[in-house]
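Participant: my_file.cif is reproduced in full below (mmCIF, C-alpha atoms).
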```
data_protein
#
loop_
_atom_site.label_atom_id
_atom_site.label_comp_id
_atom_site.auth_asym_id
_atom_site.auth_seq_id
_atom_site.Cartn_x
_atom_site.Cartn_y
_atom_site.Cartn_z
CA MET J 1 68.49 -66.17 18.40
CA LYS J 2 69.21 -64.06 15.35
CA THR J 3 69.20 -60.27 15.75
CA ILE J 4 68.73 -57.83 12.87
CA GLU J 5 69.05 -54.20 13.90
CA ASN J 6 67.93 -50.92 12.36
CA ILE J 7 65.52 -52.25 9.78
CA CYS J 8 63.86 -49.28 8.09
CA TYR J 9 60.10 -48.92 8.01
CA GLY J 10 58.69 -45.60 6.87
CA ASN J 11 60.99 -42.94 8.32
CA GLU J 12 61.87 -44.95 11.45
CA THR J 13 63.66 -48.16 12.37
CA LEU J 14 63.03 -51.39 14.27
CA ASP J 15 65.09 -54.28 15.59
CA LEU J 16 64.03 -57.86 14.93
CA TYR J 17 64.86 -60.78 17.22
CA LEU J 18 64.20 -64.13 15.57
CA PRO J 19 64.02 -67.56 17.21
CA ASP J 20 65.93 -70.52 15.81
CA THR J 21 62.74 -72.01 14.41
CA ALA J 22 61.11 -71.85 10.99
CA HIS J 23 57.63 -71.15 12.42
CA PHE J 24 56.95 -68.46 15.00
CA ASP J 25 54.53 -65.87 16.34
CA LEU J 26 55.64 -62.22 16.34
CA PHE J 27 55.36 -59.79 19.24
CA VAL J 28 55.65 -56.12 18.21
CA TYR J 29 56.81 -53.92 21.09
CA PHE J 30 56.72 -50.15 21.56
CA HIS J 31 58.95 -48.71 24.28
CA GLY J 32 57.94 -46.25 26.98
CA GLY J 33 59.26 -42.79 27.81
CA GLY J 34 56.31 -40.40 27.77
CA LEU J 35 56.41 -40.04 23.95
CA GLU J 36 59.54 -37.91 24.45
CA GLN J 37 62.35 -40.33 25.29
CA GLY J 38 63.28 -44.02 25.16
CA ASP J 39 64.59 -46.33 22.47
CA LYS J 40 63.92 -49.68 20.84
CA GLY J 41 67.04 -51.05 22.57
CA ALA J 42 65.63 -50.48 26.07
CA ALA J 43 66.34 -52.89 28.91
CA ALA J 44 62.84 -54.35 28.63
CA THR J 45 63.62 -55.46 25.09
CA LYS J 46 67.10 -56.78 25.85
CA LEU J 47 65.69 -58.91 28.68
CA SER J 48 62.51 -60.11 27.00
CA ALA J 49 63.68 -60.79 23.43
CA PRO J 50 66.03 -63.73 24.22
CA TYR J 51 63.44 -65.26 26.55
CA LEU J 52 60.70 -65.05 23.92
CA ALA J 53 63.00 -66.33 21.16
CA ALA J 54 63.90 -69.36 23.28
CA SER J 55 60.17 -70.12 23.41
CA GLY J 56 59.68 -69.72 19.66
CA VAL J 57 58.33 -66.15 19.61
CA ALA J 58 59.98 -63.43 17.53
CA MET J 59 60.09 -59.86 18.83
CA ALA J 60 60.20 -56.60 16.91
CA SER J 61 61.12 -53.53 18.96
CA CYS J 62 60.19 -50.31 17.19
CA ASN J 63 61.27 -46.71 17.37
CA TYR J 64 58.77 -43.97 16.58
CA ARG J 65 58.78 -40.19 16.31
CA MET J 66 58.75 -38.37 19.66
CA TYR J 67 58.52 -34.92 21.17
CA PRO J 68 59.85 -32.29 20.67
CA ASP J 69 60.28 -33.15 16.97
CA ALA J 70 56.93 -34.90 16.65
CA LYS J 71 53.38 -33.89 17.41
CA TYR J 72 50.14 -35.83 17.71
CA PRO J 73 49.40 -38.10 15.86
CA ASP J 74 52.87 -38.72 14.36
CA PHE J 75 53.75 -41.44 16.87
CA VAL J 76 50.43 -43.24 16.42
CA GLU J 77 50.88 -43.19 12.64
CA ASP J 78 54.39 -44.61 13.06
CA ALA J 79 53.12 -47.41 15.29
CA ALA J 80 50.47 -48.39 12.73
CA THR J 81 53.03 -48.21 9.92
CA ALA J 82 55.43 -50.47 11.84
CA VAL J 83 52.79 -53.15 12.38
CA HIS J 84 51.67 -52.90 8.76
CA TRP J 85 55.27 -53.18 7.50
CA LEU J 86 55.89 -56.23 9.65
CA SER J 87 52.65 -57.84 8.50
CA HIS J 88 53.89 -57.57 4.92
CA HIS J 89 57.54 -58.49 5.50
CA ILE J 90 57.81 -60.85 8.48
CA ARG J 91 57.36 -63.91 6.23
CA GLU J 92 60.64 -63.03 4.58
CA TYR J 93 62.25 -64.19 7.83
CA GLY J 94 60.18 -67.33 8.50
CA LYS J 95 56.66 -68.71 8.66
CA CYS J 96 54.57 -66.39 10.81
CA GLU J 97 50.80 -66.65 11.11
CA ARG J 98 50.05 -64.39 14.08
CA ILE J 99 51.13 -60.94 15.23
CA PHE J 100 50.68 -59.59 18.75
CA VAL J 101 51.11 -55.90 19.52
CA GLY J 102 52.07 -54.34 22.83
CA GLY J 103 53.98 -51.66 24.63
CA SER J 104 54.88 -50.26 28.02
CA SER J 105 53.77 -46.86 29.35
CA ALA J 106 53.82 -44.56 26.28
CA GLY J 107 54.06 -47.76 24.24
CA GLY J 108 50.95 -49.02 26.02
CA TYR J 109 49.15 -45.85 24.96
CA LEU J 110 50.17 -46.61 21.37
CA SER J 111 49.04 -50.23 21.56
CA MET J 112 45.66 -49.15 22.92
CA MET J 113 45.24 -46.56 20.19
CA LEU J 114 45.89 -49.22 17.56
CA CYS J 115 43.56 -51.64 19.27
CA PHE J 116 40.57 -49.36 19.83
CA ASP J 117 40.81 -46.81 16.99
CA LYS J 118 40.67 -48.62 13.65
CA ARG J 119 41.40 -45.57 11.50
CA TRP J 120 45.17 -45.95 11.94
CA TYR J 121 45.28 -49.43 10.43
CA ALA J 122 42.66 -48.48 7.83
CA ALA J 123 45.01 -45.79 6.53
CA CYS J 124 47.71 -48.40 5.96
CA GLY J 125 45.91 -50.97 3.83
CA ASP J 126 45.76 -54.76 4.11
CA PHE J 127 47.46 -56.94 6.73
CA PRO J 128 48.51 -60.33 5.30
CA VAL J 129 49.51 -61.58 8.75
CA PRO J 130 46.73 -60.62 11.19
CA VAL J 131 47.03 -58.96 14.58
CA CYS J 132 45.62 -61.53 17.00
CA GLY J 133 46.06 -59.84 20.38
CA TYR J 134 47.28 -56.82 22.34
CA PHE J 135 49.43 -56.44 25.45
CA HIS J 136 48.68 -53.07 27.08
CA ASP J 137 51.26 -52.39 29.78
CA ALA J 138 50.53 -49.36 32.01
CA GLY J 139 49.45 -47.13 29.13
CA GLN J 140 47.41 -43.96 29.55
CA PRO J 141 43.89 -44.55 28.20
CA THR J 142 42.85 -40.88 28.38
CA CYS J 143 44.42 -38.10 26.33
CA HIS J 144 48.17 -38.56 26.89
CA PHE J 145 49.71 -35.98 29.22
CA ASN J 146 52.23 -34.89 26.59
CA VAL J 147 49.48 -34.49 24.00
CA LEU J 148 47.76 -32.21 26.51
CA ARG J 149 51.01 -30.31 27.04
CA GLU J 150 51.33 -29.89 23.26
CA ARG J 151 47.90 -28.27 23.28
CA GLY J 152 48.80 -25.91 26.13
CA ILE J 153 46.58 -27.81 28.60
CA ASP J 154 47.56 -28.76 32.15
CA PRO J 155 48.89 -32.35 31.74
CA ARG J 156 47.12 -33.43 34.93
CA ARG J 157 43.73 -32.89 33.26
CA VAL J 158 41.67 -35.98 32.48
CA ILE J 159 40.35 -35.43 28.97
CA ILE J 160 38.74 -38.05 26.78
CA ASP J 161 38.63 -37.06 23.12
CA ASP J 162 39.54 -38.89 19.92
CA SER J 163 43.22 -38.89 20.92
CA ALA J 164 42.29 -41.06 23.91
CA PRO J 165 42.01 -44.85 23.54
CA LEU J 166 39.09 -44.89 25.97
CA TYR J 167 37.07 -42.61 23.68
CA HIS J 168 36.86 -45.32 21.01
CA ILE J 169 35.74 -48.29 23.12
CA GLY J 170 32.33 -49.34 21.86
CA ALA J 171 32.89 -48.31 18.25
CA GLU J 172 33.62 -51.93 17.24
CA ALA J 173 31.50 -55.00 17.88
CA GLU J 174 34.51 -56.98 19.12
CA TYR J 175 38.23 -56.73 19.74
CA PRO J 176 41.03 -59.30 19.74
CA PRO J 177 42.11 -60.76 23.09
CA MET J 178 44.08 -58.33 25.20
CA MET J 179 46.13 -58.19 28.38
CA PHE J 180 46.28 -55.20 30.76
CA VAL J 181 49.14 -54.74 33.22
CA VAL J 182 49.41 -51.97 35.81
CA SER J 183 51.04 -51.47 39.22
CA ASP J 184 49.49 -50.78 42.62
CA ASN J 185 51.93 -47.86 43.04
CA ASP J 186 51.83 -46.71 39.41
CA MET J 187 51.87 -43.15 38.10
CA LYS J 188 49.15 -40.99 39.63
CA ASN J 189 45.73 -41.97 38.29
CA ARG J 190 47.12 -44.76 36.04
CA LEU J 191 45.67 -47.60 38.13
CA GLU J 192 42.27 -45.91 38.35
CA GLN J 193 42.17 -45.11 34.63
CA THR J 194 43.08 -48.68 33.76
CA GLY J 195 40.19 -49.79 35.92
CA LEU J 196 37.91 -47.46 33.96
CA VAL J 197 38.99 -49.12 30.69
CA LEU J 198 38.17 -52.56 32.10
CA SER J 199 34.84 -51.31 33.43
CA THR J 200 33.98 -49.72 30.07
CA LEU J 201 34.73 -52.97 28.25
CA ARG J 202 32.42 -54.78 30.67
CA HIS J 203 29.76 -52.09 30.20
CA PHE J 204 29.73 -52.74 26.45
CA GLY J 205 29.46 -56.48 27.03
CA TYR J 206 32.78 -57.54 25.55
CA ASP J 207 33.76 -61.16 26.04
CA GLN J 208 35.52 -61.16 29.40
CA SER J 209 37.28 -64.44 28.63
CA LYS J 210 39.37 -62.47 26.10
CA ILE J 211 40.37 -59.75 28.58
CA HIS J 212 43.21 -60.54 30.97
CA TYR J 213 44.49 -58.39 33.82
CA ARG J 214 47.59 -58.41 36.03
CA LEU J 215 48.08 -56.11 39.01
CA MET J 216 51.78 -55.78 39.79
CA ARG J 217 53.43 -54.63 43.02
CA GLY J 218 55.68 -51.60 43.00
CA LYS J 219 56.25 -48.53 40.90
CA HIS J 220 55.38 -47.74 37.30
CA CYS J 221 56.84 -50.38 34.94
CA ALA J 222 59.55 -51.39 37.48
CA TYR J 223 58.97 -55.03 36.48
CA CYS J 224 60.08 -54.26 32.89
CA LYS J 225 63.70 -54.36 34.10
CA ALA J 226 63.22 -57.17 36.62
CA VAL J 227 63.79 -60.92 36.65
CA ASP J 228 62.01 -63.44 38.86
CA GLU J 229 63.46 -66.01 41.24
CA HIS J 230 64.25 -68.27 38.27
CA GLY J 231 66.13 -65.55 36.41
CA ASP J 232 63.35 -65.13 33.84
CA PRO J 233 62.34 -61.60 32.75
CA VAL J 234 59.08 -60.66 34.44
CA LEU J 235 57.74 -58.73 31.43
CA GLY J 236 58.78 -61.37 28.90
CA LYS J 237 57.16 -64.10 30.97
CA MET J 238 53.84 -62.22 31.08
CA ILE J 239 53.98 -61.63 27.33
CA LEU J 240 54.61 -65.32 26.64
CA GLU J 241 51.87 -66.45 29.01
CA PHE J 242 49.40 -64.15 27.24
CA ILE J 243 50.39 -65.35 23.76
CA GLU J 244 50.04 -68.98 24.85
CA LYS J 245 46.51 -68.27 26.13
CA VAL J 246 45.33 -66.91 22.79
#
```
As structure tokens, please, write out the structure in this file.
Facilitator:
Amino acid sequence: MKTIENICYGNETLDLYLPDTAHFDLFVYFHGGGLEQGDKGAAATKLSAPYLAASGVAMASCNYRMYPDAKYPDFVEDAATAVHWLSHHIREYGKCERIFVGGSSAGGYLSMMLCFDKRWYAACGDFPVPVCGYFHDAGQPTCHFNVLRERGIDPRRVIIDDSAPLYHIGAEAEYPPMMFVVSDNDMKNRLEQTGLVLSTLRHFGYDQSKIHYRLMRGKHCAYCKAVDEHGDPVLGKMILEFIEKV
């Protein structure tokens, strides 16, 4: 695996983990941390990147603006810019035909915003390498609690406006394949809200063969730092299995 750190895109940076192959898919990952903490070098990345690279999948782990320096929608704009930059530049590192986008917790909120609200990509321009799927890991599909806090609203409120991924479901005729992951002992209301996303997708008649779901055991995103009985990263293994299904 070849690692290239602190590549600049826009005003932020990303790390790129490349397999020892000329042809590869790319998984773009956004870390968690409530939109106020976390880093592209998180344990989830350090565990998953070598595993994916060994299977011929490159990984880009991206930083983005966060609170208190940022405000909505700075972090969503950064996420769209990162994917757009990679779509234009990933072929400088090898032959890549497909991009997959995902994230955990706050990163899952970002991946859902990019998936369901097309205005963020539209503001960027063309995408030479297409986004072919999304991996939504325990993201908040309603208005993010820190966006509510920014607005002076109790962060426990359940509000669905245009800053909520759920608000936009139904605006497009179809979406790329996607994977949802959540825990049975997740953050309060996260499991139930994830179920509402899945139900809403069914309500609009989206192709259920393209929608995958995994219910994990334990606390919020605990599996992101875990390995299985074979020593393989639990998160990385789920990502690879999803990519291979698409």
Participant: So that I can see what lies close to Met238 of chain J, please list as JSON, numbers by chain the residues with an atom at most 10 Å from it, counting only C-alpha atoms and leaving out residues fewer than 2 positions away in the same chain.
Facilitator: {"J": [48, 135, 179, 181, 214, 233, 234, 235, 236, 240, 241, 242, 243, 244]}
Participant: Could you tell me which residues the PyMOL selection byres ((chain J and resi 208) around 12) grabs in this file, written as a PyMOL selection string?
Facilitator: chain J and resi 174-179+198-207+209-213
Participant: Keeping C-alpha atoms, export the residues of the selection given above as a PDB file, in the coordinates of the input.
Facilitator:
```
ATOM      1  CA  GLU J 174      34.510 -56.980  19.120  1.00  0.00           C
ATOM      2  CA  TYR J 175      38.230 -56.730  19.740  1.00  0.00           C
ATOM      3  CA  PRO J 176      41.030 -59.300  19.740  1.00  0.00           C
ATOM      4  CA  PRO J 177      42.110 -60.760  23.090  1.00  0.00           C
ATOM      5  CA  MET J 178      44.080 -58.330  25.200  1.00  0.00           C
ATOM      6  CA  MET J 179      46.130 -58.190  28.380  1.00  0.00           C
ATOM      7  CA  LEU J 198      38.170 -52.560  32.100  1.00  0.00           C
ATOM      8  CA  SER J 199      34.840 -51.310  33.430  1.00  0.00           C
ATOM      9  CA  THR J 200      33.980 -49.720  30.070  1.00  0.00           C
ATOM     10  CA  LEU J 201      34.730 -52.970  28.250  1.00  0.00           C
ATOM     11  CA  ARG J 202      32.420 -54.780  30.670  1.00  0.00           C
ATOM     12  CA  HIS J 203      29.760 -52.090  30.200  1.00  0.00           C
ATOM     13  CA  PHE J 204      29.730 -52.740  26.450  1.00  0.00           C
ATOM     14  CA  GLY J 205      29.460 -56.480  27.030  1.00  0.00           C
ATOM     15  CA  TYR J 206      32.780 -57.540  25.550  1.00  0.00           C
ATOM     16  CA  ASP J 207      33.760 -61.160  26.040  1.00  0.00           C
ATOM     17  CA  SER J 209      37.280 -64.440  28.630  1.00  0.00           C
ATOM     18  CA  LYS J 210      39.370 -62.470  26.100  1.00  0.00           C
ATOM     19  CA  ILE J 211      40.370 -59.750  28.580  1.00  0.00           C
ATOM     20  CA  HIS J 212      43.210 -60.540  30.970  1.00  0.00           C
ATOM     21  CA  TYR J 213      44.490 -58.390  33.820  1.00  0.00           C
TER      22      TYR J 213
END
```
Participant: For His84 of chain J, which residue among J:Val101, J:Leu148, J:Val227, J:Ile169 is the nearest when counting all atoms listed in the file?
Facilitator: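 Closest candidate: J:Val101.
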Participant: Would you give the centre and edge lengths, in Å to one decimal, of a box along x, y and z around the listed atoms of segment 101-116 of chain J, with 6 Å added to each side, as lines of an AutoDock Vina configuration file?
Facilitator:
```
center_x = 47.7
center_y = -50.2
center_z = 23.5
size_x = 26.3
size_y = 23.3
size_z = 23.8
```
Participant: Check which residues satisfy the PyMOL selection byres ((chain J and resi 109) around 12) in the file shown, then give them as a PDB file with C-alpha atoms, in the frame of the given file.
Facilitator:
```pdb
ATOM      1  CA  TYR J  29      56.810 -53.920  21.090  1.00  0.00           C
ATOM      2  CA  PHE J  30      56.720 -50.150  21.560  1.00  0.00           C
ATOM      3  CA  HIS J  31      58.950 -48.710  24.280  1.00  0.00           C
ATOM      4  CA  GLY J  32      57.940 -46.250  26.980  1.00  0.00           C
ATOM      5  CA  GLY J  33      59.260 -42.790  27.810  1.00  0.00           C
ATOM      6  CA  GLY J  34      56.310 -40.400  27.770  1.00  0.00           C
ATOM      7  CA  LEU J  35      56.410 -40.040  23.950  1.00  0.00           C
ATOM      8  CA  PRO J  73      49.400 -38.100  15.860  1.00  0.00           C
ATOM      9  CA  PHE J  75      53.750 -41.440  16.870  1.00  0.00           C
ATOM     10  CA  VAL J  76      50.430 -43.240  16.420  1.00  0.00           C
ATOM     11  CA  ALA J  79      53.120 -47.410  15.290  1.00  0.00           C
ATOM     12  CA  VAL J 101      51.110 -55.900  19.520  1.00  0.00           C
ATOM     13  CA  GLY J 102      52.070 -54.340  22.830  1.00  0.00           C
ATOM     14  CA  GLY J 103      53.980 -51.660  24.630  1.00  0.00           C
ATOM     15  CA  SER J 104      54.880 -50.260  28.020  1.00  0.00           C
ATOM     16  CA  SER J 105      53.770 -46.860  29.350  1.00  0.00           C
ATOM     17  CA  ALA J 106      53.820 -44.560  26.280  1.00  0.00           C
ATOM     18  CA  GLY J 107      54.060 -47.760  24.240  1.00  0.00           C
ATOM     19  CA  GLY J 108      50.950 -49.020  26.020  1.00  0.00           C
ATOM     20  CA  LEU J 110      50.170 -46.610  21.370  1.00  0.00           C
ATOM     21  CA  SER J 111      49.040 -50.230  21.560  1.00  0.00           C
ATOM     22  CA  MET J 112      45.660 -49.150  22.920  1.00  0.00           C
ATOM     23  CA  MET J 113      45.240 -46.560  20.190  1.00  0.00           C
ATOM     24  CA  LEU J 114      45.890 -49.220  17.560  1.00  0.00           C
ATOM     25  CA  CYS J 115      43.560 -51.640  19.270  1.00  0.00           C
ATOM     26  CA  PHE J 116      40.570 -49.360  19.830  1.00  0.00           C
ATOM     27  CA  ASP J 117      40.810 -46.810  16.990  1.00  0.00           C
ATOM     28  CA  TYR J 134      47.280 -56.820  22.340  1.00  0.00           C
ATOM     29  CA  PHE J 135      49.430 -56.440  25.450  1.00  0.00           C
ATOM     30  CA  HIS J 136      48.680 -53.070  27.080  1.00  0.00           C
ATOM     31  CA  ASP J 137      51.260 -52.390  29.780  1.00  0.00           C
ATOM     32  CA  ALA J 138      50.530 -49.360  32.010  1.00  0.00           C
ATOM     33  CA  GLY J 139      49.450 -47.130  29.130  1.00  0.00           C
ATOM     34  CA  GLN J 140      47.410 -43.960  29.550  1.00  0.00           C
ATOM     35  CA  PRO J 141      43.890 -44.550  28.200  1.00  0.00           C
ATOM     36  CA  THR J 142      42.850 -40.880  28.380  1.00  0.00           C
ATOM     37  CA  CYS J 143      44.420 -38.100  26.330  1.00  0.00           C
ATOM     38  CA  HIS J 144      48.170 -38.560  26.890  1.00  0.00           C
ATOM     39  CA  PHE J 145      49.710 -35.980  29.220  1.00  0.00           C
ATOM     40  CA  ASN J 146      52.230 -34.890  26.590  1.00  0.00           C
ATOM     41  CA  VAL J 147      49.480 -34.490  24.000  1.00  0.00           C
ATOM     42  CA  SER J 163      43.220 -38.890  20.920  1.00  0.00           C
ATOM     43  CA  ALA J 164      42.290 -41.060  23.910  1.00  0.00           C
ATOM     44  CA  PRO J 165      42.010 -44.850  23.540  1.00  0.00           C
ATOM     45  CA  LEU J 166      39.090 -44.890  25.970  1.00  0.00           C
ATOM     46  CA  PHE J 180      46.280 -55.200  30.760  1.00  0.00           C
ATOM     47  CA  ARG J 190      47.120 -44.760  36.040  1.00  0.00           C
ATOM     48  CA  GLN J 193      42.170 -45.110  34.630  1.00  0.00           C
ATOM     49  CA  THR J 194      43.080 -48.680  33.760  1.00  0.00           C
TER      50      THR J 194
END
```
Participant: To one decimal place, how far is atom CA of Gly10 of chain J from atom CA of Trp85 of chain J in Å?
Facilitator: 8.3 Å
